[in-house]
>>> print(open('target22.cif').read())   # mmCIF, C-alpha atoms
data_entry
#
loop_
_atom_site.label_atom_id
_atom_site.label_comp_id
_atom_site.auth_asym_id
_atom_site.auth_seq_id
_atom_site.Cartn_x
_atom_site.Cartn_y
_atom_site.Cartn_z
CA MET A 44 114.01 92.54 90.46
CA GLN A 45 111.73 91.10 87.79
CA CYS A 46 108.48 89.12 88.19
CA PRO A 47 106.77 86.87 85.63
CA HIS A 48 103.35 87.54 87.16
CA PHE A 49 103.82 91.29 86.70
CA ASP A 50 105.05 90.81 83.14
CA ALA A 51 102.01 88.66 82.35
CA GLY A 52 99.59 91.18 83.84
CA GLU A 53 98.50 88.66 86.48
CA CYS A 54 99.53 90.83 89.43
CA ARG A 55 99.84 94.59 89.73
CA SER A 56 100.73 94.80 93.43
CA CYS A 57 104.23 96.13 92.61
CA PRO A 58 103.85 99.11 90.25
CA LEU A 59 107.60 99.88 90.34
CA MET A 60 108.58 96.36 89.29
CA GLY A 61 111.39 96.59 86.74
CA VAL A 62 112.39 100.13 87.75
CA PRO A 63 116.06 100.15 88.84
CA TYR A 64 116.18 100.20 92.61
CA ALA A 65 118.30 103.34 92.90
CA GLU A 66 115.70 105.13 90.77
CA GLN A 67 112.92 103.86 93.04
CA LEU A 68 114.63 105.40 96.07
CA ASP A 69 115.24 108.67 94.26
CA ARG A 70 111.59 108.86 93.22
CA LYS A 71 110.34 108.28 96.74
CA GLN A 72 112.72 110.80 98.30
CA ALA A 73 111.85 113.42 95.69
CA GLY A 74 108.11 112.84 96.08
CA VAL A 75 108.25 113.06 99.87
CA ARG A 76 110.32 116.23 99.79
CA ARG A 77 108.00 117.91 97.30
CA LEU A 78 105.27 117.54 99.91
CA LEU A 79 107.27 118.28 103.06
CA ASP A 80 109.90 120.87 102.13
CA PRO A 81 107.36 123.73 101.86
CA VAL A 82 106.23 123.16 105.46
CA ALA A 83 109.29 121.57 107.11
CA GLY A 84 112.05 123.44 105.33
CA THR A 85 115.32 121.90 104.21
CA ARG A 86 117.78 122.81 106.97
CA ALA A 87 118.15 121.54 110.52
CA PRO A 88 118.51 123.97 113.45
CA ASP A 89 122.31 123.68 113.21
CA ASP A 90 122.07 124.60 109.49
CA SER A 91 122.98 121.09 108.37
CA GLU A 92 120.87 119.19 105.84
CA LEU A 93 117.54 118.20 107.44
CA TRP A 94 117.18 115.07 105.33
CA LEU A 95 119.53 112.16 105.75
CA ASP A 96 120.04 109.69 102.91
CA PRO A 97 117.19 107.18 102.46
CA VAL A 98 117.57 103.80 104.14
CA PRO A 99 117.49 101.12 101.43
CA SER A 100 115.90 97.70 101.82
CA ARG A 101 116.55 94.40 100.17
CA GLU A 102 114.80 94.53 96.80
CA SER A 103 113.34 91.05 97.25
CA GLY A 104 112.93 88.43 99.96
CA PHE A 105 112.04 91.05 102.59
CA ARG A 106 108.36 90.45 103.34
CA ASN A 107 107.63 88.61 106.60
CA LYS A 108 103.88 88.24 106.10
CA ALA A 109 101.84 86.48 103.42
CA LYS A 110 98.11 87.16 103.02
CA MET A 111 97.06 84.54 100.49
CA VAL A 112 93.63 84.19 98.91
CA VAL A 113 92.86 80.48 98.49
CA THR A 114 91.21 79.51 95.20
CA GLY A 115 91.05 76.44 93.01
CA THR A 116 90.04 73.14 94.58
CA ALA A 117 91.00 71.20 97.69
CA GLU A 118 92.91 68.80 95.44
CA ASN A 119 94.73 71.61 93.65
CA PRO A 120 94.62 74.78 95.78
CA ARG A 121 96.06 78.06 94.59
CA LEU A 122 97.56 80.46 97.13
CA GLY A 123 97.78 84.03 95.93
CA ILE A 124 95.25 86.60 94.72
CA LEU A 125 92.02 86.77 92.78
CA ASP A 126 92.63 87.30 89.08
CA PRO A 127 92.88 91.13 88.84
CA ARG A 128 91.89 91.08 85.16
CA GLN A 129 88.27 90.38 86.10
CA HIS A 130 85.77 92.91 87.42
CA PRO A 131 85.24 92.43 91.18
CA LYS A 132 81.44 92.49 90.84
CA HIS A 133 81.42 89.77 88.21
CA HIS A 134 84.38 87.64 89.30
CA ASP A 135 84.21 83.91 88.65
CA GLY A 136 86.56 83.06 91.53
CA THR A 137 89.63 82.27 89.44
CA GLY A 138 92.87 82.90 91.29
CA VAL A 139 96.52 83.49 90.47
CA ASP A 140 98.99 81.32 92.38
CA LEU A 141 101.74 83.52 93.87
CA ARG A 142 103.65 80.95 95.88
CA ASP A 143 106.74 81.91 93.89
CA CYS A 144 106.40 85.64 94.62
CA GLY A 145 109.88 87.07 95.10
CA LEU A 146 108.87 89.50 97.84
CA TYR A 147 108.51 86.87 100.56
CA GLU A 148 111.31 85.81 102.84
CA PRO A 149 112.66 82.42 101.67
CA ALA A 150 111.36 80.54 104.72
CA LEU A 151 107.83 81.68 103.89
CA GLY A 152 108.20 80.52 100.32
CA ALA A 153 109.40 77.14 101.54
CA ALA A 154 106.30 76.77 103.75
CA PHE A 155 103.69 77.41 101.05
CA PRO A 156 103.82 73.92 99.47
CA VAL A 157 103.39 72.30 102.88
CA VAL A 158 100.34 74.43 103.64
CA ALA A 159 98.87 73.51 100.25
CA GLU A 160 99.38 69.82 101.08
CA VAL A 161 97.57 70.29 104.39
CA ILE A 162 94.64 71.93 102.57
CA THR A 163 94.44 68.91 100.29
CA ALA A 164 94.82 66.37 103.08
CA ALA A 165 92.06 68.04 105.10
CA ALA A 166 89.84 68.42 102.01
CA LEU A 167 89.34 72.12 102.80
CA ALA A 168 87.23 73.49 99.96
CA PRO A 169 88.43 76.95 98.87
CA TYR A 170 85.81 79.67 98.95
CA ASN A 171 84.60 80.77 95.51
CA VAL A 172 83.59 84.44 95.39
CA GLY A 173 81.60 83.84 92.20
CA THR A 174 79.36 81.06 93.50
CA ARG A 175 79.73 81.93 97.21
CA THR A 176 80.48 78.31 98.02
CA GLY A 177 83.38 76.67 99.82
CA GLU A 178 84.92 77.25 103.23
CA LEU A 179 88.60 78.27 103.16
CA LYS A 180 88.98 81.94 102.24
CA HIS A 181 92.55 82.89 103.13
CA VAL A 182 95.78 81.63 104.61
CA ILE A 183 97.75 84.24 106.55
CA MET A 184 101.33 83.45 107.53
CA THR A 185 103.88 85.46 109.50
CA LEU A 186 107.59 84.68 109.90
CA SER A 187 109.48 85.82 112.99
CA PRO A 188 113.13 86.97 112.88
CA SER A 189 114.14 83.69 114.53
CA GLY A 190 112.32 81.62 111.89
CA GLY A 191 109.12 80.83 113.81
CA LEU A 192 105.85 80.67 111.90
CA MET A 193 102.31 81.75 112.66
CA VAL A 194 99.78 80.07 110.36
CA ARG A 195 96.15 81.19 110.27
CA PHE A 196 93.32 79.65 108.24
CA VAL A 197 90.40 82.01 107.52
CA LEU A 198 87.18 79.99 107.25
CA ARG A 199 83.63 80.90 106.33
CA SER A 200 82.20 78.78 109.13
CA THR A 201 83.10 76.04 111.59
CA ASP A 202 81.82 73.30 109.24
CA GLN A 203 85.32 72.14 108.28
CA LEU A 204 86.99 73.08 111.55
CA PRO A 205 87.16 69.41 112.72
CA ALA A 206 88.94 68.46 109.50
CA LEU A 207 91.37 71.33 109.96
CA ARG A 208 92.04 70.34 113.56
CA ALA A 209 92.80 66.80 112.44
CA ALA A 210 95.32 68.10 109.89
CA VAL A 211 97.23 70.32 112.32
CA PRO A 212 99.57 67.54 113.60
CA ALA A 213 100.70 66.90 110.02
CA LEU A 214 101.34 70.62 109.57
CA LEU A 215 103.44 70.75 112.75
CA ALA A 216 105.38 67.64 111.73
CA ALA A 217 106.16 69.02 108.27
CA LEU A 218 106.90 72.54 109.54
CA PRO A 219 108.41 72.07 113.03
CA ASN A 220 109.19 75.81 113.18
CA THR A 221 105.44 76.54 113.37
CA GLU A 222 104.77 78.20 116.72
CA VAL A 223 101.15 79.38 116.40
CA VAL A 224 98.21 77.85 114.48
CA THR A 225 94.73 79.37 114.51
CA ALA A 226 91.47 79.44 112.60
CA ASN A 227 89.70 82.73 111.96
CA LEU A 228 86.00 82.96 111.14
CA LEU A 229 84.77 85.33 108.42
CA PRO A 230 81.18 84.34 107.61
CA GLU A 231 80.25 87.43 105.58
CA HIS A 232 80.73 87.68 101.83
CA ARG A 233 82.80 90.84 102.05
CA ALA A 234 86.19 92.07 100.85
CA LEU A 235 87.82 91.58 104.24
CA LEU A 236 90.96 89.68 105.18
CA GLU A 237 89.70 88.28 108.48
CA GLY A 238 86.81 88.26 110.94
CA PRO A 239 86.70 89.12 114.63
CA GLU A 240 86.69 85.54 116.00
CA GLU A 241 89.99 83.67 116.36
CA ILE A 242 90.14 80.00 117.41
CA HIS A 243 93.44 78.76 118.80
CA LEU A 244 94.43 75.36 117.38
CA ALA A 245 98.03 74.72 118.42
CA GLY A 246 101.17 76.23 119.88
CA ALA A 247 101.59 79.49 121.75
CA GLN A 248 99.19 82.41 121.98
CA THR A 249 101.71 84.81 120.45
CA LEU A 250 104.60 84.82 117.99
CA THR A 251 107.76 86.44 119.37
CA MET A 252 109.21 89.04 117.02
CA ARG A 253 112.61 89.86 118.51
CA LEU A 254 113.94 93.15 117.16
CA ASN A 255 117.14 94.79 118.37
CA GLY A 256 117.21 92.28 121.22
CA ILE A 257 113.69 93.19 122.40
CA PRO A 258 110.96 90.51 122.33
CA LEU A 259 107.71 91.86 120.88
CA ASN A 260 104.71 89.56 121.22
CA LEU A 261 102.47 89.41 118.17
CA ARG A 262 98.94 88.07 118.49
CA PRO A 263 97.13 86.60 115.46
CA GLN A 264 95.21 89.78 114.64
CA GLY A 265 97.95 92.16 115.72
CA PHE A 266 99.71 94.59 113.38
CA PHE A 267 103.43 94.34 112.70
CA GLN A 268 105.56 95.97 110.02
CA THR A 269 105.95 93.55 107.13
CA ASN A 270 109.63 94.37 106.50
CA THR A 271 111.50 93.07 109.56
CA ALA A 272 114.87 94.64 108.76
CA MET A 273 113.36 98.07 108.08
CA ALA A 274 111.24 97.88 111.24
CA ALA A 275 114.34 97.18 113.32
CA THR A 276 116.12 100.12 111.68
CA LEU A 277 113.13 102.41 112.24
CA TYR A 278 112.97 101.67 115.96
CA SER A 279 116.74 101.92 116.34
CA LEU A 280 116.81 105.25 114.52
CA ALA A 281 114.05 106.62 116.76
CA SER A 282 116.07 105.57 119.81
CA GLU A 283 119.25 107.13 118.46
CA TRP A 284 117.50 110.43 117.80
CA LEU A 285 115.70 110.59 121.11
CA ASP A 286 119.00 109.87 122.86
CA THR A 287 120.25 113.24 121.59
CA THR A 288 117.68 114.86 123.92
CA ASP A 289 117.27 114.94 127.68
CA ALA A 290 113.84 113.26 127.56
CA VAL A 291 113.22 110.82 130.43
CA SER A 292 109.48 110.28 129.89
CA VAL A 293 107.69 109.29 126.69
CA TRP A 294 104.11 108.84 125.50
CA ASP A 295 103.87 106.30 122.68
CA LEU A 296 100.60 107.02 120.89
CA TYR A 297 99.36 104.44 118.36
CA CYS A 298 101.77 102.12 120.18
CA GLY A 299 100.71 98.76 118.72
CA VAL A 300 102.65 95.95 120.42
CA GLY A 301 105.23 98.43 121.75
CA GLY A 302 107.83 98.57 118.98
CA PHE A 303 108.78 102.18 119.67
CA GLY A 304 107.98 102.17 123.37
CA PHE A 305 110.27 99.34 124.42
CA GLN A 306 113.10 100.62 122.23
CA LEU A 307 112.84 104.07 123.84
CA ALA A 308 112.56 102.78 127.42
CA GLU A 309 116.30 103.11 127.98
CA VAL A 310 119.09 105.33 126.65
CA ARG A 311 121.24 103.14 124.39
CA PRO A 312 125.04 103.26 123.99
CA HIS A 313 126.09 105.34 120.99
CA ASP A 314 127.84 103.42 118.22
CA ASP A 315 130.37 106.22 117.81
CA GLY A 316 131.07 106.34 121.54
CA ARG A 317 130.01 109.98 121.85
CA PRO A 318 128.15 110.73 125.09
CA GLY A 319 124.64 112.13 124.86
CA PRO A 320 122.80 114.40 127.27
CA LEU A 321 121.91 111.34 129.37
CA PRO A 322 124.24 108.46 130.26
CA ALA A 323 123.72 105.14 128.52
CA GLY A 324 121.47 102.94 130.60
CA THR A 325 119.30 105.81 131.85
CA GLU A 326 115.78 104.45 132.26
CA ARG A 327 112.77 106.22 130.83
CA THR A 328 109.11 105.92 131.76
CA VAL A 329 106.86 105.06 128.82
CA TRP A 330 103.09 105.16 128.51
CA GLY A 331 101.60 103.60 125.39
CA LEU A 332 98.10 104.06 124.00
CA GLU A 333 96.49 101.83 121.37
CA THR A 334 92.95 101.11 120.18
CA SER A 335 93.56 97.36 119.80
CA ALA A 336 93.08 95.50 123.08
CA ASP A 337 94.86 92.51 121.54
CA ALA A 338 97.97 94.59 120.83
CA VAL A 339 97.97 96.13 124.31
CA ALA A 340 97.61 92.71 125.91
CA ALA A 341 100.61 91.52 123.92
CA ALA A 342 102.60 94.60 124.96
CA GLN A 343 101.74 93.91 128.60
CA VAL A 344 103.19 90.42 128.26
CA SER A 345 106.42 91.84 126.77
CA ALA A 346 106.69 94.37 129.61
CA ARG A 347 106.38 91.59 132.15
CA GLU A 348 108.94 89.42 130.35
CA LEU A 349 111.40 92.32 130.31
CA GLY A 350 110.70 93.19 133.94
CA VAL A 351 109.81 96.80 133.12
CA GLN A 352 106.08 96.74 133.85
CA ASP A 353 106.52 99.30 136.64
CA ARG A 354 107.66 102.01 134.21
CA VAL A 355 106.52 100.86 130.73
CA ARG A 356 102.73 100.80 130.79
CA PHE A 357 100.00 100.48 128.19
CA ALA A 358 96.30 101.28 127.94
CA VAL A 359 93.50 100.77 125.45
CA GLY A 360 92.18 103.97 123.95
CA ASP A 361 92.06 106.32 120.98
CA ALA A 362 94.86 108.88 120.80
CA THR A 363 92.59 111.32 118.99
CA ALA A 364 90.37 111.43 122.10
CA ILE A 365 93.13 112.96 124.24
CA PRO A 366 92.28 116.58 123.29
CA THR A 367 88.69 116.10 124.48
CA GLY A 368 89.74 114.59 127.78
CA ARG A 369 88.23 111.20 126.90
CA THR A 370 91.43 109.44 127.85
CA PRO A 371 91.49 105.75 128.80
CA ASP A 372 91.15 104.58 132.35
CA ARG A 373 91.76 100.87 132.04
CA ALA A 374 94.12 98.19 130.84
CA PRO A 375 92.81 95.40 128.60
CA ASP A 376 91.06 92.39 130.03
CA LEU A 377 93.78 89.74 130.05
CA ALA A 378 93.75 86.05 130.67
CA PRO A 379 94.86 85.25 134.25
CA GLU A 380 98.30 84.09 133.17
CA GLU A 381 98.84 87.37 131.29
CA GLN A 382 97.85 89.78 134.05
CA PRO A 383 100.47 92.45 134.76
CA ALA A 384 101.87 92.66 138.25
CA VAL A 385 99.54 94.17 140.85
CA GLY A 386 99.96 97.89 141.34
CA THR A 387 101.52 98.72 137.95
CA GLY A 388 98.68 101.11 137.12
CA ALA A 389 98.72 99.84 133.56
CA GLY A 390 95.57 101.68 132.57
CA GLU A 391 96.10 104.98 134.41
CA VAL A 392 96.75 108.13 132.40
CA PRO A 393 99.97 109.79 133.57
CA ALA A 394 99.33 112.86 135.68
CA GLU A 395 102.17 114.81 134.05
CA LEU A 396 102.86 115.47 130.39
CA PRO A 397 105.93 113.70 128.98
CA ASP A 398 109.21 115.08 127.74
CA ALA A 399 108.58 113.46 124.35
CA VAL A 400 105.67 112.00 122.40
CA VAL A 401 105.89 109.40 119.62
CA VAL A 402 103.11 109.20 117.04
CA ASN A 403 102.87 106.44 114.45
CA PRO A 404 99.38 106.92 113.00
CA PRO A 405 97.69 105.19 110.08
CA ARG A 406 97.69 106.85 106.67
CA ARG A 407 95.12 109.46 107.74
CA GLY A 408 97.66 111.03 110.11
CA ILE A 409 97.00 112.30 113.63
CA GLY A 410 94.48 114.93 112.54
CA SER A 411 94.08 118.58 113.39
CA GLU A 412 92.63 118.13 116.90
CA LEU A 413 95.47 115.99 118.23
CA ALA A 414 98.07 118.09 116.40
CA ASP A 415 96.59 121.27 117.89
CA TRP A 416 96.64 119.67 121.36
CA ILE A 417 100.33 118.73 120.99
CA GLU A 418 101.05 122.27 119.78
CA ALA A 419 99.41 123.74 122.87
CA SER A 420 100.87 121.17 125.28
CA GLY A 421 104.41 122.45 125.41
CA ILE A 422 105.83 118.89 125.12
CA PRO A 423 109.50 119.48 124.19
CA HIS A 424 110.03 116.72 121.60
CA VAL A 425 107.95 114.86 119.01
CA LEU A 426 108.93 111.79 116.99
CA TYR A 427 106.56 111.40 114.05
CA SER A 428 106.63 108.16 112.05
CA SER A 429 104.50 108.47 108.92
CA CYS A 430 103.59 106.27 105.98
CA ASN A 431 101.89 109.17 104.17
CA ALA A 432 103.76 112.41 103.55
CA THR A 433 100.55 114.16 102.46
CA THR A 434 98.94 113.83 105.89
CA LEU A 435 102.27 114.43 107.63
CA ALA A 436 102.57 117.77 105.83
CA ARG A 437 99.01 118.64 106.84
CA ASP A 438 99.68 117.74 110.48
CA LEU A 439 102.91 119.77 110.52
CA GLU A 440 100.93 122.86 109.54
CA HIS A 441 99.18 122.52 112.90
CA LEU A 442 102.53 122.36 114.74
CA PRO A 443 104.09 125.78 114.03
CA GLY A 444 105.70 125.84 117.47
CA TYR A 445 107.96 122.93 116.49
CA ARG A 446 110.90 122.83 114.14
CA PRO A 447 112.22 119.70 112.39
CA VAL A 448 115.60 118.48 113.61
CA ARG A 449 116.12 115.36 111.52
CA ALA A 450 114.18 113.52 108.83
CA ARG A 451 114.76 110.25 107.00
CA LEU A 452 112.91 108.02 104.57
CA LEU A 453 113.01 104.25 105.08
CA ASP A 454 112.09 102.04 102.14
CA MET A 455 109.67 99.76 103.93
CA PHE A 456 108.00 98.61 100.68
CA PRO A 457 110.35 98.16 97.68
CA GLN A 458 108.72 97.84 94.25
CA THR A 459 105.89 100.16 95.35
CA GLU A 460 105.44 103.89 95.94
CA HIS A 461 105.04 103.32 99.70
CA TYR A 462 107.58 104.21 102.38
CA GLU A 463 108.00 105.24 106.01
CA VAL A 464 109.28 108.67 107.07
CA LEU A 465 110.69 109.40 110.52
CA MET A 466 110.96 113.03 111.66
CA LEU A 467 112.21 114.45 114.96
CA LEU A 468 110.70 117.78 116.04
CA GLU A 469 111.64 120.10 118.91
CA ARG A 470 110.01 123.17 120.40
CA ARG A 471 111.22 126.41 118.86
#
>>> encode(input="target22.cif", output="structure tokens")
Amino acid sequence: MQCPHFDAGECRSCPLMGVPYAEQLDRKQAGVRRLLDPVAGTRAPDDSELWLDPVPSRESGFRNKAKMVVTGTAENPRLGILDPRQHPKHHDGTGVDLRDCGLYEPALGAAFPVVAEVITAAALAPYNVGTRTGELKHVIMTLSPSGGLMVRFVLRSTDQLPALRAAVPALLAALPNTEVVTANLLPEHRALLEGPEEIHLAGAQTLTMRLNGIPLNLRPQGFFQTNTAMAATLYSLASEWLDTTDAVSVWDLYCGVGGFGFQLAEVRPHDDGRPGPLPAGTERTVWGLETSADAVAAAQVSARELGVQDRVRFAVGDATAIPTGRTPDRAPDLAPEEQPAVGTGAGEVPAELPDAVVVNPPRRGIGSELADWIEASGIPHVLYSSCNATTLARDLEHLPGYRPVRARLLDMFPQTEHYEVLMLLERR
């Protein structure tokens, strides 16, 4: 893949741009193993290779989310980034238009011109970081696997909200696949993508991201992996690996909207036809924990839609508080139409420890306290999904009672040094 913006020095978001893709994968695998081999070893318990081959991604056209800074004028808006060649403290507000960025899925690229026309029609003045004037700061767009769009306009205030509301019908007419439209308020002059307040303008409350046949409900401020194909592979791989164990109960820590949890809620048929320890179709109980009430509310909706709310439950709380006993005791406050069925105990902490725990922490890892608690817990199996091998290696040092069974790198972010690593651990 090659990019004219990279070649011109206008964008440096993809430091591996121009590096042959096979070399990119080799670099990532080698870098991850330099960090993890000293603590995880190189052989599985059966003396086979611990590391499977990396999972490659499409080099381009893979990104399902666009976070566009809006610059220029209402008559000629630019959707992209602030010019990186200027110092942030003395920036004059000039932007680089990245509507032709090759990372985005084609349907996103096709929507950008329409959104720009709506900005012009509504006379939404782009925010200028140099003069601190204007209203429209960002446009954030997400594409679902079925082609549905979520479009969010990040405004400095509500001053131009009436004009935006008036332009929404034109947006829906030009982009009939738009399923969610919102405005987000970010009044502060800060380097943030969005503010806490979201105003629903049209469509549904959530965007359905159907992966591996499972509907995951994404709210406007919810997190979702930006590479849809790699996310589906990650969840499927976790399910395949857990199905080699006899685990029938799972805790999904850092659960988000339930990507891992719903995939692991049932033993799946093996592609090769080989039977596992548990028959295909065996149901598991899952308890998910997540700090974002929005994400948990969305996961509750998915559980209800799938009819599994009696055994797949979610609560709001911080996983790192588990070792101190400050575990959650409530489910999120949901709108009446989103309330889980009575008696599901959605916010109750399970009385018994699970057979397996899944952790998918941010880059800082799970930390020594939670790792030490898992080490002392006796939980038989751990699935660790990491985007930072440095903190994964550090956490593994606190888990000496576990041995790695399988490990694999997934190239979630081609053209960059970033990745996702999945590792299955079992008690020694």
>>> closest_residue(input="target22.cif", among="A:Gly238, A:Pro127, A:Pro212, A:Pro457", to="Gly52 (chain A)", atoms="all atoms listed in the file")
A:Pro127
>>> residues_around(input="target22.cif", residues="Ala290 (chain A)", least_positions_apart="6", cutoff="9 Å", atoms="all atoms listed in the file", output="JSON, numbers by chain")
{"A": [321, 327, 397, 398, 399, 423, 424]}
>>> residues_near_point(input="target22.cif", point="(118.2, 103.6, 99.8)", cutoff="8 Å", atoms="all atoms listed in the file", output="list in words")
Ala65, Leu68, Asp96, Pro97, Val98, Pro99, Ser100, Leu453 and Asp454 of chain A
>>> closest_residue(input="target22.cif", among="A:His181, A:Trp94, A:Pro47, A:Arg86", to="Gly145 (chain A)", atoms="all atoms listed in the file")
A:Pro47
>>> residues_around(input="target22.cif", residues="Arg354 (chain A)", least_positions_apart="4", cutoff="9 Å", atoms="only C-alpha atoms", output="VMD selection string")
chain A and resid 308 326 to 330 346 387
>>> atom_distance(input="target22.cif", atom1="CA of Arg317 (chain A)", atom2="CA of Trp284 (chain A)")
13.2 Å
>>> closest_residue(input="target22.cif", among="A:Tyr427, A:Phe305, A:Phe155, A:Phe49", to="Leu192 (chain A)", atoms="all atoms listed in the file")
A:Phe155
>>> closest_residue(input="target22.cif", among="A:Thr271, A:Ser189, A:Thr434, A:Ser200", to="Asn220 (chain A)", atoms="all atoms listed in the file")
A:Ser189
>>> atom_distance(input="target22.cif", atom1="CA of Ile124 (chain A)", atom2="CA of Ala275 (chain A)")
28.7 Å
>>> closest_residue(input="target22.cif", among="A:Glu469, A:Glu460, A:Asp415, A:Asp135", to="Pro447 (chain A)", atoms="all atoms listed in the file")
A:Glu469
>>> resolve_selection(input="target22.cif", expression="the PyMOL selection byres ((chain A and resi 168) around 9)", output="PDB file with C-alpha atoms, in the frame of the given file")
ATOM      1  CA  THR A 114      91.210  79.510  95.200  1.00  0.00           C
ATOM      2  CA  GLY A 115      91.050  76.440  93.010  1.00  0.00           C
ATOM      3  CA  THR A 116      90.040  73.140  94.580  1.00  0.00           C
ATOM      4  CA  ALA A 117      91.000  71.200  97.690  1.00  0.00           C
ATOM      5  CA  GLU A 118      92.910  68.800  95.440  1.00  0.00           C
ATOM      6  CA  PRO A 120      94.620  74.780  95.780  1.00  0.00           C
ATOM      7  CA  ILE A 162      94.640  71.930 102.570  1.00  0.00           C
ATOM      8  CA  THR A 163      94.440  68.910 100.290  1.00  0.00           C
ATOM      9  CA  ALA A 165      92.060  68.040 105.100  1.00  0.00           C
ATOM     10  CA  ALA A 166      89.840  68.420 102.010  1.00  0.00           C
ATOM     11  CA  LEU A 167      89.340  72.120 102.800  1.00  0.00           C
ATOM     12  CA  PRO A 169      88.430  76.950  98.870  1.00  0.00           C
ATOM     13  CA  TYR A 170      85.810  79.670  98.950  1.00  0.00           C
ATOM     14  CA  ASN A 171      84.600  80.770  95.510  1.00  0.00           C
ATOM     15  CA  THR A 176      80.480  78.310  98.020  1.00  0.00           C
ATOM     16  CA  GLY A 177      83.380  76.670  99.820  1.00  0.00           C
ATOM     17  CA  GLU A 178      84.920  77.250 103.230  1.00  0.00           C
ATOM     18  CA  LEU A 179      88.600  78.270 103.160  1.00  0.00           C
ATOM     19  CA  LYS A 180      88.980  81.940 102.240  1.00  0.00           C
ATOM     20  CA  GLN A 203      85.320  72.140 108.280  1.00  0.00           C
TER      21      GLN A 203
END
>>> atom_distance(input="target22.cif", atom1="CA of Gly265 (chain A)", atom2="CA of Leu280 (chain A)")
23.0 Å
>>> closest_residue(input="target22.cif", among="A:Ala436, A:Leu285, A:Pro320, A:Glu102", to="Pro63 (chain A)", atoms="all atoms listed in the file")
A:Glu102
>>> resolve_selection(input="target22.cif", expression="the PyMOL selection byres ((chain A and resi 341) around 8)", output="list of chain:residue names")
A:Thr249, A:Leu259, A:Asn260, A:Leu261, A:Arg262, A:Val300, A:Asp337, A:Ala338, A:Val339, A:Ala340, A:Ala342, A:Gln343, A:Val344, A:Ser345
>>> write_last_selection(input="target22.cif", atoms="C-alpha atoms", output="CSV table (one decimal), in the frame of the given file")
chain,number,residue,atom,x,y,z
A,249,THR,CA,101.7,84.8,120.4
A,259,LEU,CA,107.7,91.9,120.9
A,260,ASN,CA,104.7,89.6,121.2
A,261,LEU,CA,102.5,89.4,118.2
A,262,ARG,CA,98.9,88.1,118.5
A,300,VAL,CA,102.6,96.0,120.4
A,337,ASP,CA,94.9,92.5,121.5
A,338,ALA,CA,98.0,94.6,120.8
A,339,VAL,CA,98.0,96.1,124.3
A,340,ALA,CA,97.6,92.7,125.9
A,342,ALA,CA,102.6,94.6,125.0
A,343,GLN,CA,101.7,93.9,128.6
A,344,VAL,CA,103.2,90.4,128.3
A,345,SER,CA,106.4,91.8,126.8
>>> residues_near_point(input="target22.cif", point="(113.7, 91.8, 100.7)", cutoff="10 Å", atoms="only C-alpha atoms", output="ChimeraX atom specification")
/A:100-107,145-149,270-273,455-457
>>> residues_around(input="target22.cif", residues="region 405-413 of chain A", least_positions_apart="2", cutoff="9 Å", atoms="only C-alpha atoms", output="list in words")
Tyr297, Ala362, Thr363, Ala364, Ile365, Pro366, Thr367, Val402, Asn403, Asp415, Trp416, Ile417, Glu418, Ser429, Cys430, Asn431, Ala432, Thr433, Thr434, Leu435, Arg437, Asp438, Glu440 and His441 of chain A
>>> resolve_selection(input="target22.cif", expression="the PyMOL selection byres ((chain A and resi 108) around 8)", output="PyMOL selection string")
chain A and resi 106-107+109-110+147+151+183-186+269
>>> closest_atom_pairs(input="target22.cif", of="region 243-320 of chain A", to="region 214-218 of chain A", cutoff="12 Å", atoms="all atoms listed in the file", output="JSON lines")
{"residue": "A:Leu244", "atom": "CA", "partner": "A:Leu215", "partner_atom": "CA", "distance": 11.1}
{"residue": "A:Ala245", "atom": "CA", "partner": "A:Leu215", "partner_atom": "CA", "distance": 8.8}
{"residue": "A:Gly246", "atom": "CA", "partner": "A:Leu215", "partner_atom": "CA", "distance": 9.3}
>>> write_last_selection(input="target22.cif", atoms="C-alpha atoms", output="compact mmCIF listing (two decimals), keeping the file's coordinate frame")
# COMPACT_ATOMS: atom_id res chain seq x y z
CA LEU A 244 94.43 75.36 117.38
CA ALA A 245 98.03 74.72 118.42
CA GLY A 246 101.17 76.23 119.88
>>> residues_around(input="target22.cif", residues="Ala87 (chain A)", least_positions_apart="3", cutoff="9 Å", atoms="all atoms listed in the file", output="mmCIF file with C-alpha atoms, keeping the file's coordinate frame")
data_model
loop_
_atom_site.group_PDB
_atom_site.id
_atom_site.type_symbol
_atom_site.label_atom_id
_atom_site.label_comp_id
_atom_site.auth_asym_id
_atom_site.auth_seq_id
_atom_site.Cartn_x
_atom_site.Cartn_y
_atom_site.Cartn_z
ATOM 1 C CA GLY A 84 112.050 123.440 105.330
ATOM 2 C CA ASP A 90 122.070 124.600 109.490
ATOM 3 C CA SER A 91 122.980 121.090 108.370
ATOM 4 C CA GLU A 92 120.870 119.190 105.840
ATOM 5 C CA LEU A 93 117.540 118.200 107.440
ATOM 6 C CA TRP A 94 117.180 115.070 105.330
ATOM 7 C CA ARG A 446 110.900 122.830 114.140
ATOM 8 C CA PRO A 447 112.220 119.700 112.390
ATOM 9 C CA VAL A 448 115.600 118.480 113.610
ATOM 10 C CA ARG A 449 116.120 115.360 111.520
#
>>> decode(input="target22.cif", residues="region 261-269 of chain A", atoms="C-alpha atoms", output="mmCIF file, in the first residue's frame")
data_model
loop_
_atom_site.group_PDB
_atom_site.id
_atom_site.type_symbol
_atom_site.label_atom_id
_atom_site.label_comp_id
_atom_site.auth_asym_id
_atom_site.auth_seq_id
_atom_site.Cartn_x
_atom_site.Cartn_y
_atom_site.Cartn_z
ATOM 1 C CA LEU A 261 -22.728 -0.448 19.853
ATOM 2 C CA ARG A 262 -23.735 2.822 21.489
ATOM 3 C CA PRO A 263 -22.326 6.141 20.225
ATOM 4 C CA GLN A 264 -19.580 6.365 22.849
ATOM 5 C CA GLY A 265 -18.940 2.638 23.035
ATOM 6 C CA PHE A 266 -15.642 0.991 22.102
ATOM 7 C CA PHE A 267 -15.403 -1.494 19.250
ATOM 8 C CA GLN A 268 -12.373 -2.898 17.450
ATOM 9 C CA THR A 269 -11.759 -0.846 14.313
#
